[in-house]
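Beneath this line is the structure, given in structure tokens, with notes to follow.
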Amino acid sequence: MSSEVKLVVLITTQPGRGQDQISAFEKLAPLVRKEEGCIEYELYPVAEQADQFVLLERWASKSALEAHAASAHMAAASKLNPAFRAGPATVLHLGSSVAV
């Protein structure tokens with residue numbers, strides 16, 4: 001059984017503020033990707049929805065994700081996000097893939 005943690009984070013910005021989300025991510029992503037246990041950290045715009053984004057995260061373990069959440073750069077990002085986001089992000093924790 002893998003201890004890997006996978007997240008899908010749904011983000012909506014205030015109307016017309018999508019570029020602010022992209023700019024914030026461009027600054028934050030290099031720091032996050034250097035964290036121990038970070039496997040994937042990618043932001044995708046939703047097609048034809050300029051103010052909606054999906055962030056895909058994969059972490060080697062729950063403890064790596066917890067360390068990420070407690071990091072200084074994430075605390076700083078949490079303070080800045082309300083300036084351009086429409087509300088809190090929706091975080092979906094994924095289970096194991098379904099064997100077909």
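FYI, nothing fancy with the structure tokens labels: chains A, B, ... in order, residues from 1 per chain, ligands from 1 as they appear.
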
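Contact shell of Lys79 (chain A) at 12 Å (only C-alpha atoms; same-chain neighbours under 6 positions omitted): Ala24, Ala72, His73, Arg85 and Pro88 of chain A.
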
What's the 10 Å shell around Val9 (chain A), counting only C-alpha atoms, without same-chain residues fewer than 5 positions away, as a CSV table (one decimal) with all heavy atoms, in the first residue's frame?
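Resulting contents of result-v6.csv:
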```csv
chain,number,residue,atom,x,y,z
A,43,LEU,N,-0.2,23.8,-11.6
A,43,LEU,CA,-1.4,24.6,-11.8
A,43,LEU,C,-1.9,24.6,-13.2
A,43,LEU,O,-1.1,24.8,-14.1
A,43,LEU,CB,-1.2,26.0,-11.3
A,43,LEU,CG,-2.4,27.0,-11.3
A,43,LEU,CD1,-3.4,26.6,-10.2
A,43,LEU,CD2,-2.0,28.4,-11.2
A,53,PHE,N,-9.1,27.5,-11.7
A,53,PHE,CA,-7.8,26.8,-11.9
A,53,PHE,C,-8.0,25.4,-11.1
A,53,PHE,O,-8.8,25.3,-10.2
A,53,PHE,CB,-6.7,27.6,-11.3
A,53,PHE,CG,-6.5,28.9,-12.0
A,53,PHE,CD1,-7.2,30.0,-11.6
A,53,PHE,CD2,-5.5,28.9,-13.0
A,53,PHE,CE1,-7.0,31.2,-12.3
A,53,PHE,CE2,-5.3,30.2,-13.7
A,53,PHE,CZ,-6.1,31.3,-13.3
A,54,VAL,N,-7.1,24.5,-11.5
A,54,VAL,CA,-7.0,23.2,-10.8
A,54,VAL,C,-5.5,23.1,-10.5
A,54,VAL,O,-4.7,23.2,-11.4
A,54,VAL,CB,-7.5,22.0,-11.7
A,54,VAL,CG1,-7.2,20.7,-11.0
A,54,VAL,CG2,-9.0,22.2,-12.0
A,55,LEU,N,-5.2,22.8,-9.2
A,55,LEU,CA,-3.9,22.6,-8.7
A,55,LEU,C,-3.8,21.1,-8.4
A,55,LEU,O,-4.6,20.6,-7.7
A,55,LEU,CB,-3.6,23.4,-7.5
A,55,LEU,CG,-2.3,23.2,-6.8
A,55,LEU,CD1,-1.1,23.5,-7.7
A,55,LEU,CD2,-2.2,24.0,-5.5
A,56,LEU,N,-2.8,20.4,-9.1
A,56,LEU,CA,-2.6,19.0,-8.8
A,56,LEU,C,-1.4,18.9,-7.9
A,56,LEU,O,-0.3,19.4,-8.2
A,56,LEU,CB,-2.4,18.2,-10.1
A,56,LEU,CG,-3.5,18.2,-11.1
A,56,LEU,CD1,-3.2,17.4,-12.3
A,56,LEU,CD2,-4.8,17.7,-10.4
A,57,GLU,N,-1.5,18.1,-6.8
A,57,GLU,CA,-0.4,17.9,-5.9
A,57,GLU,C,-0.3,16.5,-5.6
A,57,GLU,O,-1.2,15.7,-5.4
A,57,GLU,CB,-0.7,18.6,-4.5
A,57,GLU,CG,-0.8,20.1,-4.6
A,57,GLU,CD,-0.9,20.8,-3.2
A,57,GLU,OE1,-0.2,20.4,-2.3
A,57,GLU,OE2,-1.8,21.7,-3.1
A,89,ALA,N,-10.1,27.7,-1.3
A,89,ALA,CA,-10.0,26.7,-2.3
A,89,ALA,C,-10.7,25.4,-1.8
A,89,ALA,O,-10.8,25.2,-0.6
A,89,ALA,CB,-8.5,26.4,-2.6
A,90,THR,N,-11.2,24.6,-2.7
A,90,THR,CA,-11.8,23.3,-2.4
A,90,THR,C,-10.7,22.2,-2.6
A,90,THR,O,-10.1,22.1,-3.7
A,90,THR,CB,-13.0,23.0,-3.3
A,90,THR,OG1,-14.0,24.0,-3.1
A,90,THR,CG2,-13.6,21.6,-3.0
A,91,VAL,N,-10.4,21.5,-1.5
A,91,VAL,CA,-9.3,20.5,-1.6
A,91,VAL,C,-9.9,19.1,-1.5
A,91,VAL,O,-10.7,18.8,-0.6
A,91,VAL,CB,-8.3,20.7,-0.4
A,91,VAL,CG1,-7.2,19.6,-0.4
A,91,VAL,CG2,-7.7,22.1,-0.3
A,92,LEU,N,-9.6,18.4,-2.6
A,92,LEU,CA,-10.1,17.0,-2.7
A,92,LEU,C,-8.9,16.0,-2.5
A,92,LEU,O,-8.0,16.1,-3.2
A,92,LEU,CB,-10.7,16.8,-4.1
A,92,LEU,CG,-11.8,17.7,-4.5
A,92,LEU,CD1,-12.2,17.5,-6.0
A,92,LEU,CD2,-13.0,17.6,-3.6
A,93,HIS,N,-9.0,15.2,-1.5
A,93,HIS,CA,-8.0,14.2,-1.2
A,93,HIS,C,-8.4,12.9,-2.0
A,93,HIS,O,-9.5,12.4,-1.8
A,93,HIS,CB,-7.9,13.9,0.3
A,93,HIS,CG,-7.4,15.0,1.1
A,93,HIS,ND1,-6.1,14.9,1.6
A,93,HIS,CD2,-7.9,16.1,1.5
A,93,HIS,CE1,-5.9,16.0,2.3
A,93,HIS,NE2,-7.0,16.8,2.2
```

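Between Tyr44 (chain A) and the candidates A:Arg58, A:Ile22, A:Glu66, A:Glu4, the tightest atom-to-atom separation, counting only C-alpha atoms, involves A:Ile22.
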
Subject >> Top pick for closest residue to Trp59 (chain A), considering A:Val46, A:Cys38, A:Val100, A:Leu28 and counting only C-alpha atoms >> reply: A:Cys38

Subject >> Surrounding residues of Ala77 (chain A) excluding itself and chain neighbours under 4 positions, 12 Å, only C-alpha atoms, as number ranges by chain >> reply: A: 21, 23-29, 31-32, 68-73, 81-85

Original post:
So how far away is CA of Glu40 (chain A) from CA of Ser61 (chain A), in Å?
Top reply: 12.4 Å

Original post:
Suppose you want the space between CA of Pro30 (chain A) and CA of Leu80 (chain A); what is it in Å?
Top reply: 17.2 Å

Original post:
Which of chain A counts as strand (DSSP E or B) under DSSP, as a PyMOL selection string please?
Top reply: chain A and resi 5-13+38-46+49-59+85+90-94

Original post:
Quick one, how far is CA of Tyr41 (chain A) from CA of Ser97 (chain A)?
Top reply: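 That distance, rounded to one decimal, is 19.0 Å.
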
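Compared by their closest atoms to Ala60 (chain A), and using only C-alpha atoms, the residues A:Pro15, A:Gly37, A:Pro45, A:Gly87 rank with A:Gly37 nearest.
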
Original post:
Which residues in chain A does DSSP call alpha helix (DSSP H)? List them as number ranges by chain.
Top reply: A: 18-33, 62-69, 72-80

Export of the given selection (C-alpha atoms) as a PDB file, in the first residue's frame:
```pdb
ATOM      1  CA  GLY A  18      -6.854  35.010 -12.815  1.00  0.00           C
ATOM      2  CA  GLN A  19      -3.487  36.483 -13.750  1.00  0.00           C
ATOM      3  CA  ASP A  20      -2.892  37.294 -10.071  1.00  0.00           C
ATOM      4  CA  GLN A  21      -3.294  33.585  -9.284  1.00  0.00           C
ATOM      5  CA  ILE A  22      -0.836  32.664 -12.026  1.00  0.00           C
ATOM      6  CA  SER A  23       1.710  35.222 -10.803  1.00  0.00           C
ATOM      7  CA  ALA A  24       1.411  34.025  -7.201  1.00  0.00           C
ATOM      8  CA  PHE A  25       1.861  30.420  -8.319  1.00  0.00           C
ATOM      9  CA  GLU A  26       4.940  31.281 -10.383  1.00  0.00           C
ATOM     10  CA  LYS A  27       6.586  32.670  -7.227  1.00  0.00           C
ATOM     11  CA  LEU A  28       5.430  29.895  -4.906  1.00  0.00           C
ATOM     12  CA  ALA A  29       5.923  26.796  -7.073  1.00  0.00           C
ATOM     13  CA  PRO A  30       9.753  26.727  -7.068  1.00  0.00           C
ATOM     14  CA  LEU A  31       9.765  26.829  -3.265  1.00  0.00           C
ATOM     15  CA  VAL A  32       7.176  24.073  -2.960  1.00  0.00           C
ATOM     16  CA  ARG A  33       8.865  21.850  -5.529  1.00  0.00           C
ATOM     17  CA  LYS A  62       1.083  12.488   4.812  1.00  0.00           C
ATOM     18  CA  SER A  63       3.951  13.857   6.907  1.00  0.00           C
ATOM     19  CA  ALA A  64       5.458  15.555   3.810  1.00  0.00           C
ATOM     20  CA  LEU A  65       2.095  17.198   3.109  1.00  0.00           C
ATOM     21  CA  GLU A  66       1.801  18.310   6.730  1.00  0.00           C
ATOM     22  CA  ALA A  67       5.293  19.858   6.623  1.00  0.00           C
ATOM     23  CA  HIS A  68       4.317  21.636   3.403  1.00  0.00           C
ATOM     24  CA  ALA A  69       1.166  23.044   4.995  1.00  0.00           C
ATOM     25  CA  ALA A  72       6.591  29.696   6.049  1.00  0.00           C
ATOM     26  CA  HIS A  73       5.991  30.205   2.317  1.00  0.00           C
ATOM     27  CA  MET A  74       2.549  28.582   2.546  1.00  0.00           C
ATOM     28  CA  ALA A  75       1.658  30.771   5.528  1.00  0.00           C
ATOM     29  CA  ALA A  76       2.671  33.830   3.507  1.00  0.00           C
ATOM     30  CA  ALA A  77       0.637  32.634   0.495  1.00  0.00           C
ATOM     31  CA  SER A  78      -2.418  32.086   2.695  1.00  0.00           C
ATOM     32  CA  LYS A  79      -2.257  35.727   3.753  1.00  0.00           C
ATOM     33  CA  LEU A  80      -2.041  36.959   0.144  1.00  0.00           C
TER      34      LEU A  80
END
```

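Proximity of A:Ala99, A:Lys34, A:Ile39, A:Gln52 to Leu10 (chain A), computed with only C-alpha atoms, is greatest for A:Gln52.
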